[in-house]
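Structure data follow from target13.cif (mmCIF, C-alpha atoms and all ligand atoms):
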data_input
#
loop_
_atom_site.label_atom_id
_atom_site.label_comp_id
_atom_site.auth_asym_id
_atom_site.auth_seq_id
_atom_site.Cartn_x
_atom_site.Cartn_y
_atom_site.Cartn_z
CA MET R 1 75.78 -29.59 95.47
CA LYS R 2 76.18 -27.20 98.44
CA PRO R 3 73.18 -27.30 100.81
CA ALA R 4 72.50 -23.59 100.25
CA THR R 5 72.41 -23.92 96.45
CA SER R 6 70.27 -26.98 96.81
CA ALA R 7 67.78 -25.07 99.06
CA ALA R 8 67.21 -22.49 96.32
CA ARG R 9 66.78 -25.28 93.74
CA GLN R 10 64.33 -27.17 95.91
CA THR R 11 62.37 -23.97 96.49
CA ILE R 12 62.12 -23.46 92.74
CA HIS R 13 61.02 -27.07 92.28
CA HIS R 14 58.23 -26.75 94.89
CA LEU R 15 57.02 -23.45 93.43
CA ARG R 16 56.92 -24.92 89.96
CA GLU R 17 54.76 -27.76 91.25
CA LEU R 18 52.46 -25.38 93.11
CA THR R 19 51.97 -22.88 90.29
CA HIS R 20 52.78 -24.76 87.05
CA ARG R 21 54.99 -21.90 85.86
CA GLN R 22 58.06 -22.47 83.71
CA GLN R 23 60.29 -19.73 85.05
CA ILE R 24 60.69 -19.08 88.78
CA VAL R 25 62.92 -16.17 89.76
CA LEU R 26 63.72 -15.99 93.47
CA ALA R 27 63.73 -12.48 94.93
CA GLY R 28 64.33 -10.90 98.33
CA ARG R 29 60.63 -10.14 98.53
CA ALA R 30 57.55 -9.95 96.32
CA ALA R 31 57.87 -6.17 96.03
CA ALA R 32 61.29 -6.62 94.43
CA GLY R 33 59.58 -8.79 91.80
CA ILE R 34 57.06 -6.02 91.01
CA TRP R 35 59.86 -3.45 90.77
CA ALA R 36 61.96 -5.71 88.53
CA ALA R 37 59.05 -6.64 86.24
CA LEU R 38 58.19 -3.00 85.56
CA ARG R 39 61.85 -2.20 84.92
CA ALA R 40 62.37 -5.27 82.75
CA TRP R 41 59.50 -4.19 80.50
CA GLY R 42 61.24 -0.83 80.23
CA PHE R 43 58.38 1.11 81.81
CA GLN R 44 59.17 4.62 83.05
CA GLU R 45 56.61 7.26 83.98
CA GLN R 46 53.87 4.88 82.88
CA VAL R 47 50.50 4.46 84.56
CA VAL R 48 50.23 1.27 86.63
CA LEU R 49 46.77 0.33 87.91
CA ILE R 50 46.73 -1.02 91.46
CA PRO R 51 43.83 -1.98 93.75
CA ALA R 52 43.00 0.88 96.10
CA ASN R 53 43.08 -1.52 99.06
CA THR R 54 46.26 -3.48 98.39
CA CYS R 55 49.39 -3.53 100.54
CA TYR R 56 51.26 -0.22 100.62
CA ILE R 57 54.45 -1.97 99.47
CA VAL R 58 52.87 -2.49 96.04
CA LEU R 59 52.48 1.28 95.82
CA TRP R 60 56.09 1.70 96.93
CA ALA R 61 57.36 -0.78 94.35
CA VAL R 62 55.54 1.08 91.54
CA LEU R 63 56.84 4.47 92.69
CA HIS R 64 60.35 3.13 93.24
CA SER R 65 60.37 1.72 89.69
CA GLY R 66 59.76 5.24 88.33
CA ASN R 67 56.12 4.71 87.36
CA HIS R 68 52.78 6.27 88.30
CA PRO R 69 50.34 4.28 90.44
CA LEU R 70 46.65 4.83 89.74
CA LEU R 71 44.23 3.52 92.35
CA VAL R 72 41.32 1.40 91.14
CA ASP R 73 38.27 0.81 93.28
CA VAL R 74 37.31 -2.76 94.07
CA ASP R 75 34.38 -5.15 94.40
CA ARG R 76 32.64 -4.59 97.73
CA ARG R 77 31.96 -8.32 98.11
CA THR R 78 35.53 -9.58 97.68
CA GLY R 79 37.85 -6.57 97.83
CA ASN R 80 39.22 -7.58 94.42
CA LEU R 81 39.55 -5.73 91.12
CA THR R 82 36.86 -6.14 88.50
CA VAL R 83 36.87 -5.49 84.76
CA GLU R 84 34.21 -2.81 85.28
CA GLY R 85 36.58 -1.01 87.65
CA LEU R 86 39.50 -1.32 85.22
CA GLU R 87 37.43 -0.18 82.28
CA GLN R 88 36.91 3.18 83.98
CA HIS R 89 40.65 3.81 83.67
CA ARG R 90 41.25 2.69 80.11
CA ALA R 91 41.58 6.32 79.02
CA ALA R 92 44.61 6.71 81.32
CA ARG R 93 46.46 4.32 78.93
CA PRO R 94 47.88 2.08 81.63
CA ALA R 95 51.01 0.06 80.87
CA ALA R 96 50.39 -2.52 83.60
CA VAL R 97 47.84 -3.70 86.16
CA ILE R 98 48.53 -5.50 89.45
CA PRO R 99 45.42 -7.52 90.37
CA CYS R 100 45.66 -9.07 93.82
CA HIS R 101 43.92 -12.12 95.30
CA MET R 102 43.07 -10.20 98.42
CA TYR R 103 43.04 -12.31 101.62
CA GLY R 104 43.31 -15.43 99.44
CA LEU R 105 40.02 -14.71 97.60
CA PRO R 106 40.53 -15.36 93.88
CA ALA R 107 40.23 -12.30 91.62
CA PRO R 108 38.36 -12.84 88.31
CA MET R 109 41.57 -13.44 86.36
CA THR R 110 40.13 -14.76 83.09
CA ALA R 111 38.15 -11.57 82.58
CA ILE R 112 40.99 -9.35 83.84
CA CYS R 113 43.49 -11.04 81.49
CA GLN R 114 41.12 -10.67 78.53
CA TRP R 115 40.70 -6.98 79.30
CA ALA R 116 44.44 -6.48 79.73
CA HIS R 117 45.37 -8.32 76.53
CA ALA R 118 42.76 -6.41 74.54
CA ASN R 119 44.22 -3.14 75.80
CA GLY R 120 47.94 -3.98 75.58
CA VAL R 121 48.30 -3.89 79.38
CA LYS R 122 50.85 -6.13 81.15
CA ILE R 123 49.60 -8.11 84.15
CA ILE R 124 51.47 -8.61 87.39
CA GLU R 125 49.33 -11.10 89.30
CA ASP R 126 49.79 -10.47 93.02
CA ALA R 127 49.47 -13.85 94.73
CA ALA R 128 51.37 -12.71 97.84
CA LEU R 129 48.41 -13.71 100.04
CA ALA R 130 47.13 -16.56 97.91
CA LEU R 131 49.67 -19.35 97.56
CA GLY R 132 47.64 -22.57 97.38
CA ALA R 133 44.38 -20.90 96.29
CA THR R 134 42.78 -21.98 93.01
CA VAL R 135 41.65 -19.29 90.63
CA GLU R 136 39.01 -20.39 88.12
CA GLY R 137 40.47 -23.88 88.09
CA GLN R 138 44.16 -22.93 87.93
CA PRO R 139 46.67 -22.28 90.70
CA ALA R 140 47.02 -18.72 91.99
CA GLY R 141 50.21 -17.41 90.44
CA SER R 142 49.63 -19.08 87.09
CA TYR R 143 47.96 -16.15 85.27
CA GLY R 144 50.12 -13.03 85.05
CA ASP R 145 52.69 -12.06 82.44
CA ALA R 146 54.49 -11.97 85.77
CA SER R 147 53.08 -13.27 89.04
CA ILE R 148 54.50 -12.66 92.47
CA LEU R 149 54.62 -14.68 95.67
CA SER R 150 55.76 -13.65 99.14
CA PHE R 151 57.28 -15.72 101.94
CA GLY R 152 57.58 -12.73 104.27
CA LEU R 153 56.38 -12.34 107.82
CA GLY R 154 52.80 -13.54 108.31
CA LYS R 155 52.33 -14.91 104.78
CA MET R 156 50.81 -18.31 103.88
CA VAL R 157 54.31 -19.77 104.01
CA ASP R 158 56.06 -17.62 106.60
CA HIS R 159 59.81 -17.73 106.12
CA GLN R 160 60.12 -14.16 107.50
CA VAL R 161 61.75 -13.10 104.25
CA GLY R 162 61.75 -14.04 100.55
CA GLY R 163 59.60 -13.81 97.46
CA ALA R 164 59.44 -14.99 93.88
CA LEU R 165 58.48 -13.80 90.42
CA LEU R 166 56.89 -16.37 88.11
CA THR R 167 56.54 -16.21 84.35
CA ASP R 168 56.58 -18.41 81.26
CA ASP R 169 58.77 -16.03 79.23
CA PRO R 170 62.46 -17.03 79.43
CA ALA R 171 63.82 -13.77 77.98
CA PHE R 172 61.79 -11.68 80.43
CA ALA R 173 62.89 -13.95 83.31
CA ARG R 174 66.53 -13.44 82.27
CA GLU R 175 66.13 -9.67 82.35
CA VAL R 176 64.41 -9.80 85.77
CA ARG R 177 67.29 -11.96 87.09
CA ARG R 178 69.83 -9.51 85.69
CA LEU R 179 68.12 -6.55 87.40
CA LEU R 180 67.74 -8.35 90.72
CA ALA R 181 71.38 -9.47 90.68
CA ASP R 182 72.37 -5.83 91.29
CA ALA R 183 70.06 -5.44 94.31
CA PRO R 184 71.63 -5.28 97.77
CA LEU R 185 71.87 -8.51 99.71
CA TRP R 186 69.58 -8.98 102.70
CA ASN R 187 71.61 -8.45 105.86
CA ASP R 188 71.27 -7.46 109.51
CA THR R 189 71.16 -3.75 108.71
CA LEU R 190 68.27 -4.23 106.27
CA ARG R 191 66.52 -6.42 108.84
CA ASP R 192 66.87 -3.73 111.53
CA LEU R 193 65.67 -1.02 109.16
CA THR R 194 62.69 -3.14 108.11
CA ASN R 195 61.69 -3.69 111.74
CA GLU R 196 62.10 0.02 112.40
CA TRP R 197 59.93 0.99 109.43
CA ASN R 198 57.26 -1.65 110.24
CA SER R 199 56.88 -0.23 113.76
CA LEU R 200 56.64 3.32 112.46
CA TYR R 201 54.08 2.34 109.82
CA TRP R 202 51.93 0.43 112.31
CA ALA R 203 51.87 3.51 114.54
CA LEU R 204 51.16 5.96 111.71
CA HIS R 205 48.52 4.13 109.75
CA GLN R 206 46.38 3.72 112.87
CA PHE R 207 46.04 7.44 113.28
CA GLU R 208 46.32 8.78 109.72
CA ALA R 209 42.54 8.90 109.21
CA GLN R 210 41.85 10.90 112.37
CA ASN R 211 44.89 13.14 112.05
CA PRO R 212 45.63 13.78 108.35
CA ARG R 213 48.62 15.98 109.24
CA LEU R 214 50.48 12.76 109.95
CA LEU R 215 50.46 12.16 106.20
CA THR R 216 53.15 14.83 105.79
CA LEU R 217 55.52 12.32 107.37
CA TYR R 218 55.19 9.78 104.56
CA PRO R 219 57.38 11.55 101.95
CA PRO R 220 60.44 11.88 104.25
CA LEU R 221 59.87 8.35 105.53
CA PHE R 222 59.65 7.04 101.97
CA ALA R 223 62.95 8.80 101.23
CA LEU R 224 64.47 7.06 104.26
CA TYR R 225 63.05 3.57 103.74
CA ALA R 226 62.17 3.13 100.04
CA ASP R 227 65.36 1.13 99.46
CA LEU R 228 63.78 -1.63 101.56
CA THR R 229 61.55 -2.37 98.55
CA VAL R 230 64.24 -4.20 96.59
CA TYR R 231 66.79 -6.69 97.86
CA GLN R 232 67.98 -10.20 97.13
CA LEU R 233 68.77 -13.15 99.35
CA ALA R 234 72.06 -15.03 99.51
CA PRO R 235 71.81 -18.79 98.79
CA HIS R 236 72.02 -19.69 102.50
CA ASP R 237 69.00 -17.45 103.25
CA TRP R 238 66.76 -19.98 101.44
CA MET R 239 67.76 -22.88 103.67
CA GLY R 240 64.56 -23.00 105.75
CA LEU R 241 62.05 -22.60 102.92
CA PRO R 242 61.93 -26.06 101.26
CA ALA R 243 60.89 -27.68 104.55
CA LEU R 244 58.12 -25.10 104.99
CA LEU R 245 56.92 -25.71 101.43
CA ARG R 246 56.87 -29.47 102.06
CA GLN R 247 54.63 -28.90 105.10
CA PHE R 248 52.38 -26.55 103.16
CA PRO R 249 49.71 -29.12 102.10
CA HIS R 250 49.26 -30.05 105.75
CA GLN R 251 48.95 -26.37 106.67
CA GLN R 252 46.43 -25.79 103.91
CA ALA R 253 44.26 -28.53 105.36
CA ARG R 254 44.62 -27.03 108.83
CA ARG R 255 43.66 -23.58 107.54
CA THR R 256 40.52 -24.96 105.91
CA GLN R 257 39.63 -26.71 109.16
CA LEU R 258 40.06 -23.50 111.17
CA VAL R 259 37.95 -21.53 108.69
CA ALA R 260 35.12 -24.06 109.15
CA LEU R 261 35.45 -23.69 112.92
CA TYR R 262 35.28 -19.88 112.73
CA ASP R 263 32.27 -20.11 110.41
CA ALA R 264 30.44 -22.46 112.76
CA ALA R 265 31.29 -20.53 115.92
CA LEU R 266 30.33 -17.17 114.38
CA GLY R 267 27.22 -18.60 112.72
CA ILE R 268 28.48 -17.59 109.30
CA GLN R 269 27.38 -19.26 106.10
CA PRO R 270 30.13 -18.35 103.69
CA GLU R 271 27.98 -18.71 100.59
CA GLN R 272 25.70 -16.00 101.93
CA TYR R 273 26.70 -12.40 101.33
CA LEU R 274 24.79 -10.25 103.76
CA GLU R 275 25.06 -6.63 102.58
CA ASN R 276 25.78 -5.12 106.00
CA LYS R 277 22.76 -6.50 107.82
CA THR R 278 24.78 -7.59 110.83
CA LEU R 279 27.61 -6.20 112.95
CA CYS R 280 30.12 -8.64 111.44
CA GLN R 281 29.85 -10.22 108.03
CA PRO R 282 32.16 -12.29 105.86
CA LEU R 283 33.49 -11.34 102.47
CA GLN R 284 32.19 -13.42 99.59
CA ARG R 285 34.46 -16.39 98.91
CA PRO R 286 34.74 -17.36 95.25
CA ALA R 287 35.38 -21.04 94.48
CA GLY R 288 39.02 -21.94 95.12
CA THR R 289 39.47 -19.50 98.01
CA LEU R 290 42.17 -20.37 100.52
CA LEU R 291 41.90 -17.78 103.24
CA TRP R 292 45.15 -16.13 104.37
CA ARG R 293 43.56 -14.82 107.54
CA TYR R 294 39.90 -14.85 108.45
CA PRO R 295 38.48 -11.55 107.16
CA LEU R 296 35.37 -10.00 108.65
CA LEU R 297 33.71 -6.72 107.81
CA VAL R 298 32.61 -4.87 110.91
CA GLN R 299 30.41 -1.79 110.83
CA PRO R 300 32.93 1.08 110.57
CA GLN R 301 31.54 3.08 113.51
CA VAL R 302 32.47 0.27 115.92
CA ARG R 303 35.33 -1.48 114.11
CA ASP R 304 38.13 0.18 116.08
CA GLU R 305 36.25 -0.26 119.34
CA LEU R 306 35.97 -3.99 118.65
CA LEU R 307 39.67 -4.21 117.85
CA ARG R 308 40.56 -2.38 121.05
CA HIS R 309 38.32 -4.77 122.96
CA LEU R 310 40.11 -7.76 121.39
CA TRP R 311 43.57 -6.29 122.04
CA GLU R 312 42.61 -5.65 125.68
CA GLN R 313 41.79 -9.36 125.94
CA GLY R 314 45.32 -10.11 124.72
CA ILE R 315 44.11 -10.96 121.18
CA HIS R 316 46.75 -8.91 119.41
CA GLU R 317 46.72 -11.03 116.25
CA ALA R 318 43.40 -9.43 115.26
CA THR R 319 44.43 -6.76 112.74
CA ARG R 320 42.95 -4.12 110.51
CA TRP R 321 44.86 -4.94 107.33
CA TYR R 322 44.54 -3.57 104.73
CA PRO R 323 43.78 0.13 105.04
CA ALA R 324 42.78 2.07 101.92
CA LEU R 325 45.81 3.38 100.02
CA ARG R 326 44.48 6.80 99.12
CA PRO R 327 45.98 8.74 102.04
CA MET R 328 49.48 7.39 101.51
CA THR R 329 49.24 7.63 97.72
CA THR R 330 48.22 11.28 97.73
CA ALA R 331 50.98 12.03 100.24
CA LEU R 332 53.68 10.28 98.19
CA ALA R 333 52.50 11.27 94.72
CA PRO R 334 50.59 14.55 95.13
CA GLN R 335 51.11 15.41 91.44
CA LEU R 336 48.90 12.49 90.35
CA SER R 337 45.20 12.99 90.55
CA GLN R 338 43.60 9.85 91.94
CA PRO R 339 40.03 8.77 91.21
CA LEU R 340 37.57 8.36 94.05
CA THR R 341 37.68 4.89 95.58
CA PRO R 342 34.77 4.82 98.05
CA VAL R 343 34.43 1.03 98.19
CA ALA R 344 38.08 0.53 99.12
CA GLU R 345 37.73 3.22 101.75
CA THR R 346 34.68 1.58 103.29
CA LEU R 347 36.39 -1.82 103.23
CA GLY R 348 39.52 -0.34 104.81
CA ALA R 349 37.42 1.17 107.59
CA SER R 350 35.47 -2.09 108.11
CA ILE R 351 37.97 -4.90 107.79
CA ILE R 352 39.39 -6.96 110.58
CA ASN R 353 41.46 -10.09 110.06
CA LEU R 354 41.50 -12.90 112.59
CA PRO R 355 44.43 -15.29 112.89
CA LEU R 356 44.56 -18.61 111.01
CA GLY R 357 47.28 -21.15 110.52
CA GLU R 358 50.24 -22.20 112.59
CA GLY R 359 50.11 -20.48 115.96
CA ILE R 360 46.36 -20.87 116.60
CA GLY R 361 44.59 -23.76 118.28
CA GLU R 362 40.92 -24.47 118.77
CA THR R 363 40.82 -23.05 122.29
CA ALA R 364 42.38 -19.78 121.16
CA LEU R 365 39.91 -19.59 118.28
CA GLN R 366 37.00 -20.16 120.63
CA ARG R 367 38.28 -17.39 122.92
CA ILE R 368 38.46 -14.95 119.98
CA VAL R 369 34.91 -15.77 118.91
CA GLU R 370 33.62 -15.42 122.47
CA ALA R 371 35.33 -12.04 122.79
CA ILE R 372 33.61 -10.88 119.59
CA GLN R 373 30.25 -12.18 120.79
CA ALA R 374 30.64 -10.49 124.19
CA PHE R 375 31.32 -7.23 122.35
CA GLU R 376 28.25 -7.71 120.14
CA MET R 377 26.06 -8.23 123.21
CA ASN R 378 27.24 -4.98 124.76
CA ILE R 379 26.59 -2.58 121.93
C1 LIG R 401 48.88 -8.05 98.95
C2 LIG R 401 50.36 -7.97 99.05
N1 LIG R 401 51.09 -7.80 97.94
C3 LIG R 401 52.42 -7.74 97.97
C4 LIG R 401 53.10 -7.84 99.16
C5 LIG R 401 54.58 -7.72 99.14
O1 LIG R 401 55.23 -8.82 99.69
P1 LIG R 401 56.70 -8.66 100.22
O2 LIG R 401 56.61 -8.18 101.63
O3 LIG R 401 57.29 -10.04 100.11
O4 LIG R 401 57.39 -7.68 99.36
C6 LIG R 401 52.39 -8.01 100.35
C7 LIG R 401 53.03 -8.15 101.66
O5 LIG R 401 53.71 -7.47 102.24
C8 LIG R 401 50.99 -8.08 100.30
O6 LIG R 401 50.26 -8.22 101.40
#
Structure encoded using structure tokens:
Amino acid sequence: MKPATSAARQTIHHLRELTHRQQIVLAGRAAAGIWAALRAWGFQEQVVLIPANTCYIVLWAVLHSGNHPLLVDVDRRTGNLTVEGLEQHRAARPAAVIPCHMYGLPAPMTAICQWAHANGVKIIEDAALALGATVEGQPAGSYGDASILSFGLGKMVDHQVGGALLTDDPAFAREVRRLLADAPLWNDTLRDLTNEWNSLYWALHQFEAQNPRLLTLYPPLFALYADLTVYQLAPHDWMGLPALLRQFPHQQARRTQLVALYDAALGIQPEQYLENKTLCQPLQRPAGTLLWRYPLLVQPQVRDELLRHLWEQGIHEATRWYPALRPMTTALAPQLSQPLTPVAETLGASIINLPLGEGIGETALQRIVEAIQAFEMNI
């Protein structure tokens, strides 16, 4: 077998072991899996429920598939969807829901699946940030009618590019494969365009809250860059991934170790949820959590000041992902009326994510914590 073909096969083998799914469809990225799933089910102009704090590319994938995203507010303790939140939108007759395990915190999938099945709603489980997490005793990625994984830049397994759709339905998997086979192949032009768009988005989203006129730029930018939502990889593009997946158990252990170090250095007891009593507080971590990055909620009035302080100290890996999706959603789909999503907005204005995983050692972690503590002392 050619090494390239074998790389794709080995990737599939590893993913099957990690998620226990029968069908693994490799895709250029996770967003392509969302797009293909909605198309494969034949959905057009249907309502698709998405968390109001998820990654913007989920919104793009829904729009690009020809469907209508409806934002659902989330649990303030975890940033994840709840059945209570979904129930408020039953009257909208959604065709699908895309629950996400935000930051590697398991969403309540048993309850969400029960709700979805009772209401004839398809589930796309978004495990893009949660490979390796356990959700109510089962691997993340093992719940959805379709589940998606990402191996893009900064993900749990960072191969810079790549994603997968998982399912147990062979006929559905065949249709997804057929749709993805027509997608453009990842190439240097797509890479350049992706870098271009990422830089533009980073610049825009930082200022969109303080200068809402910037939102008028999203529709023309979506027209320019929406094609980046769906692509496929050539067999040789998978060559580096099996080795990364083999190292993953070691990385998982390292992540867990770093989380314990952050907790100890910041004086955080993860089982305690503090309800905004302190400047920085953790999200609540359900059993099975495997953190993607180390999320902290910072009081919104000083969040950006703290980030600036960290960036000035050279700590550029501290980020404010993920911002609330309302501004971009209303700019891209002004014809849809979106419900209020105050929790997602507060979380978006409070969240910072500190680095975990590969590039970070104990000294760097200590420096980040000290920088946060110095900031706390001065306010
Ligand atoms: C929560 C979430 N869902 C989905 C995606 C989409 O992943 P990809 O970039 O592989 O399309 C991302 C990442 O970009 C993400 O953070």
Residues within 9 Å of Pro184 in chain R, only C-alpha atoms, excluding chain neighbours under 2 positions, as JSON, numbers by chain: {"R": [180, 181, 182, 186, 187, 230, 231, 232, 233]}
Using the selection just defined, write its residues with C-alpha atoms as a PDB file, in the frame of the given file.
ATOM      1  CA  LEU R 180      67.740  -8.350  90.720  1.00  0.00           C
ATOM      2  CA  ALA R 181      71.380  -9.470  90.680  1.00  0.00           C
ATOM      3  CA  ASP R 182      72.370  -5.830  91.290  1.00  0.00           C
ATOM      4  CA  TRP R 186      69.580  -8.980 102.700  1.00  0.00           C
ATOM      5  CA  ASN R 187      71.610  -8.450 105.860  1.00  0.00           C
ATOM      6  CA  VAL R 230      64.240  -4.200  96.590  1.00  0.00           C
ATOM      7  CA  TYR R 231      66.790  -6.690  97.860  1.00  0.00           C
ATOM      8  CA  GLN R 232      67.980 -10.200  97.130  1.00  0.00           C
ATOM      9  CA  LEU R 233      68.770 -13.150  99.350  1.00  0.00           C
TER      10      LEU R 233
END
Neighbour list for Glu345 in chain R as a PyMOL selection string, cut-off 12 Å, all atoms listed in the file, skip fewer than 6 positions in-chain: chain R and resi 51-54+71-76+79+209+300+322-327+351
Which residues of chain R come within 8 Å of ligand LIG 401 (chain R), and for each one, what is the closest pair of atoms and their distance in Å to one decimal, counting all atoms listed in the file, sorted by chain and residue number, as JSON lines?
{"residue": "R:Gly28", "atom": "CA", "partner": "R:LIG401", "partner_atom": "O3", "distance": 7.3}
{"residue": "R:Arg29", "atom": "CA", "partner": "R:LIG401", "partner_atom": "O3", "distance": 3.7}
{"residue": "R:Ala30", "atom": "CA", "partner": "R:LIG401", "partner_atom": "O4", "distance": 3.8}
{"residue": "R:Ala31", "atom": "CA", "partner": "R:LIG401", "partner_atom": "O4", "distance": 3.7}
{"residue": "R:Ala32", "atom": "CA", "partner": "R:LIG401", "partner_atom": "O4", "distance": 6.4}
{"residue": "R:Gly33", "atom": "CA", "partner": "R:LIG401", "partner_atom": "O4", "distance": 7.9}
{"residue": "R:Thr54", "atom": "CA", "partner": "R:LIG401", "partner_atom": "C1", "distance": 5.3}
{"residue": "R:Cys55", "atom": "CA", "partner": "R:LIG401", "partner_atom": "C2", "distance": 4.8}
{"residue": "R:Tyr56", "atom": "CA", "partner": "R:LIG401", "partner_atom": "O5", "distance": 7.8}
{"residue": "R:Ile57", "atom": "CA", "partner": "R:LIG401", "partner_atom": "C5", "distance": 5.8}
{"residue": "R:Val58", "atom": "CA", "partner": "R:LIG401", "partner_atom": "C3", "distance": 5.6}
{"residue": "R:Cys100", "atom": "CA", "partner": "R:LIG401", "partner_atom": "C1", "distance": 6.1}
{"residue": "R:His101", "atom": "CA", "partner": "R:LIG401", "partner_atom": "C1", "distance": 7.4}
{"residue": "R:Met102", "atom": "CA", "partner": "R:LIG401", "partner_atom": "C1", "distance": 6.2}
{"residue": "R:Tyr103", "atom": "CA", "partner": "R:LIG401", "partner_atom": "C1", "distance": 7.7}
{"residue": "R:Asp126", "atom": "CA", "partner": "R:LIG401", "partner_atom": "N1", "distance": 5.7}
{"residue": "R:Ala127", "atom": "CA", "partner": "R:LIG401", "partner_atom": "N1", "distance": 7.0}
{"residue": "R:Ala128", "atom": "CA", "partner": "R:LIG401", "partner_atom": "N1", "distance": 4.9}
{"residue": "R:Leu129", "atom": "CA", "partner": "R:LIG401", "partner_atom": "C1", "distance": 5.8}
{"residue": "R:Ile148", "atom": "CA", "partner": "R:LIG401", "partner_atom": "C3", "distance": 7.7}
{"residue": "R:Leu149", "atom": "CA", "partner": "R:LIG401", "partner_atom": "O3", "distance": 7.0}
{"residue": "R:Ser150", "atom": "CA", "partner": "R:LIG401", "partner_atom": "O3", "distance": 4.0}
{"residue": "R:Phe151", "atom": "CA", "partner": "R:LIG401", "partner_atom": "O3", "distance": 6.0}
{"residue": "R:Gly152", "atom": "CA", "partner": "R:LIG401", "partner_atom": "O3", "distance": 5.0}
{"residue": "R:Leu153", "atom": "CA", "partner": "R:LIG401", "partner_atom": "O2", "distance": 7.5}
{"residue": "R:Lys155", "atom": "CA", "partner": "R:LIG401", "partner_atom": "C7", "distance": 7.5}
{"residue": "R:Val161", "atom": "CA", "partner": "R:LIG401", "partner_atom": "O3", "distance": 6.8}
{"residue": "R:Gly162", "atom": "CA", "partner": "R:LIG401", "partner_atom": "O3", "distance": 6.0}
{"residue": "R:Gly163", "atom": "CA", "partner": "R:LIG401", "partner_atom": "O3", "distance": 5.2}
{"residue": "R:Thr229", "atom": "CA", "partner": "R:LIG401", "partner_atom": "O4", "distance": 6.8}
Written file, previous selection with C-alpha atoms, as a compact mmCIF listing (two decimals), in the coordinates of the input:
# COMPACT_ATOMS: atom_id res chain seq x y z
CA GLY R 28 64.33 -10.90 98.33
CA ARG R 29 60.63 -10.14 98.53
CA ALA R 30 57.55 -9.95 96.32
CA ALA R 31 57.87 -6.17 96.03
CA ALA R 32 61.29 -6.62 94.43
CA GLY R 33 59.58 -8.79 91.80
CA THR R 54 46.26 -3.48 98.39
CA CYS R 55 49.39 -3.53 100.54
CA TYR R 56 51.26 -0.22 100.62
CA ILE R 57 54.45 -1.97 99.47
CA VAL R 58 52.87 -2.49 96.04
CA CYS R 100 45.66 -9.07 93.82
CA HIS R 101 43.92 -12.12 95.30
CA MET R 102 43.07 -10.20 98.42
CA TYR R 103 43.04 -12.31 101.62
CA ASP R 126 49.79 -10.47 93.02
CA ALA R 127 49.47 -13.85 94.73
CA ALA R 128 51.37 -12.71 97.84
CA LEU R 129 48.41 -13.71 100.04
CA ILE R 148 54.50 -12.66 92.47
CA LEU R 149 54.62 -14.68 95.67
CA SER R 150 55.76 -13.65 99.14
CA PHE R 151 57.28 -15.72 101.94
CA GLY R 152 57.58 -12.73 104.27
CA LEU R 153 56.38 -12.34 107.82
CA LYS R 155 52.33 -14.91 104.78
CA VAL R 161 61.75 -13.10 104.25
CA GLY R 162 61.75 -14.04 100.55
CA GLY R 163 59.60 -13.81 97.46
CA THR R 229 61.55 -2.37 98.55
Straight-line distance linking CA of Phe222 in chain R with CA of Gly42 in chain R, stated in Å to one decimal: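 So the answer is 23.2 Å.
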CA of Trp115 in chain R to CA of Leu81 in chain R, straight-line distance in Å: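 So the answer is 11.9 Å.
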Point-to-point distance in Å for CA of Ile50 in chain R and CA of Ile98 in chain R: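 The value is 5.2 Å.
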Of the listed residues R:Gln251, R:Gln366, R:Ser337, R:Gln22, that which approaches Met156 in chain R most closely, counting all atoms listed in the file: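 Residue with the minimum atom-to-atom distance to Met156 in chain R: R:Gln251.
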Selection: 8 Å around range 259-265 of chain R, only C-alpha atoms, excl. self and same-chain fewer than 6 positions, as JSON, numbers by chain: {"R": [291, 294, 356, 365, 366, 369]}
Non-local contacts of Gly359 in chain R (12 Å; all atoms listed in the file; under 3 positions in same chain excluded) as a PyMOL selection string: chain R and resi 154+158+251+254-255+258+317+354-356+362-365
Contacts of Gly288 in chain R at 7 Å (all atoms listed in the file; same-chain gap of 5+ positions) as an MDAnalysis selection string: chainID R and resid 106 133:135
Please report, as JSON, the centre and edge lengths in Å to one decimal of an axis-aligned box covering all listed atoms of range 158-166 of chain R with 3 Å per side.
{"center_x": 58.9, "center_y": -15.4, "center_z": 97.8, "size_x": 11.7, "size_y": 10.6, "size_z": 25.4}
Shortest interatomic distance to Ala243 in chain R - which of R:Val157, R:Ala349, R:Met377, R:Ala40, counting all atoms listed in the file: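 The answer is R:Val157, which sits nearest to Ala243 in chain R.
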Protein, DNA and RNA residues within 12 Å of (61.8, -24.3, 107.4), all atoms listed in the file, as a PyMOL selection string: chain R and resi 7+11+151+157-161+237-248
Option closest in space to Ala331 in chain R, from R:Pro3, R:Gly66, R:Pro219, R:Gly85 [counting all atoms listed in the file]: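 Closest residue, counting all atoms listed in the file: R:Pro219.
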Pick from R:Thr78, R:Val83, R:Val97, R:Gly361, whichever lies nearest to Ala344 in chain R using all atoms listed in the file: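 Selected residue with least distance to Ala344 in chain R: R:Thr78.
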Using only C-alpha atoms: which of R:Leu332, R:Ile12, R:Ala171, R:Ala37 has the shortest distance to Ala223 in chain R: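 Distance minimum relative to Ala223 in chain R lands on R:Leu332.
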Point (34.3, -25.2, 91.9), cut-off 9 Å, counting all atoms listed in the file, residues as a PyMOL selection string: chain R and resi 136-137+286-288
Just the selected residues (C-alpha atoms), exported as a PDB file, keeping the file's coordinate frame, please.
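Final output, saved to result.pdb:
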ATOM      1  CA  GLU R 136      39.010 -20.390  88.120  1.00  0.00           C
ATOM      2  CA  GLY R 137      40.470 -23.880  88.090  1.00  0.00           C
ATOM      3  CA  PRO R 286      34.740 -17.360  95.250  1.00  0.00           C
ATOM      4  CA  ALA R 287      35.380 -21.040  94.480  1.00  0.00           C
ATOM      5  CA  GLY R 288      39.020 -21.940  95.120  1.00  0.00           C
TER       6      GLY R 288
END
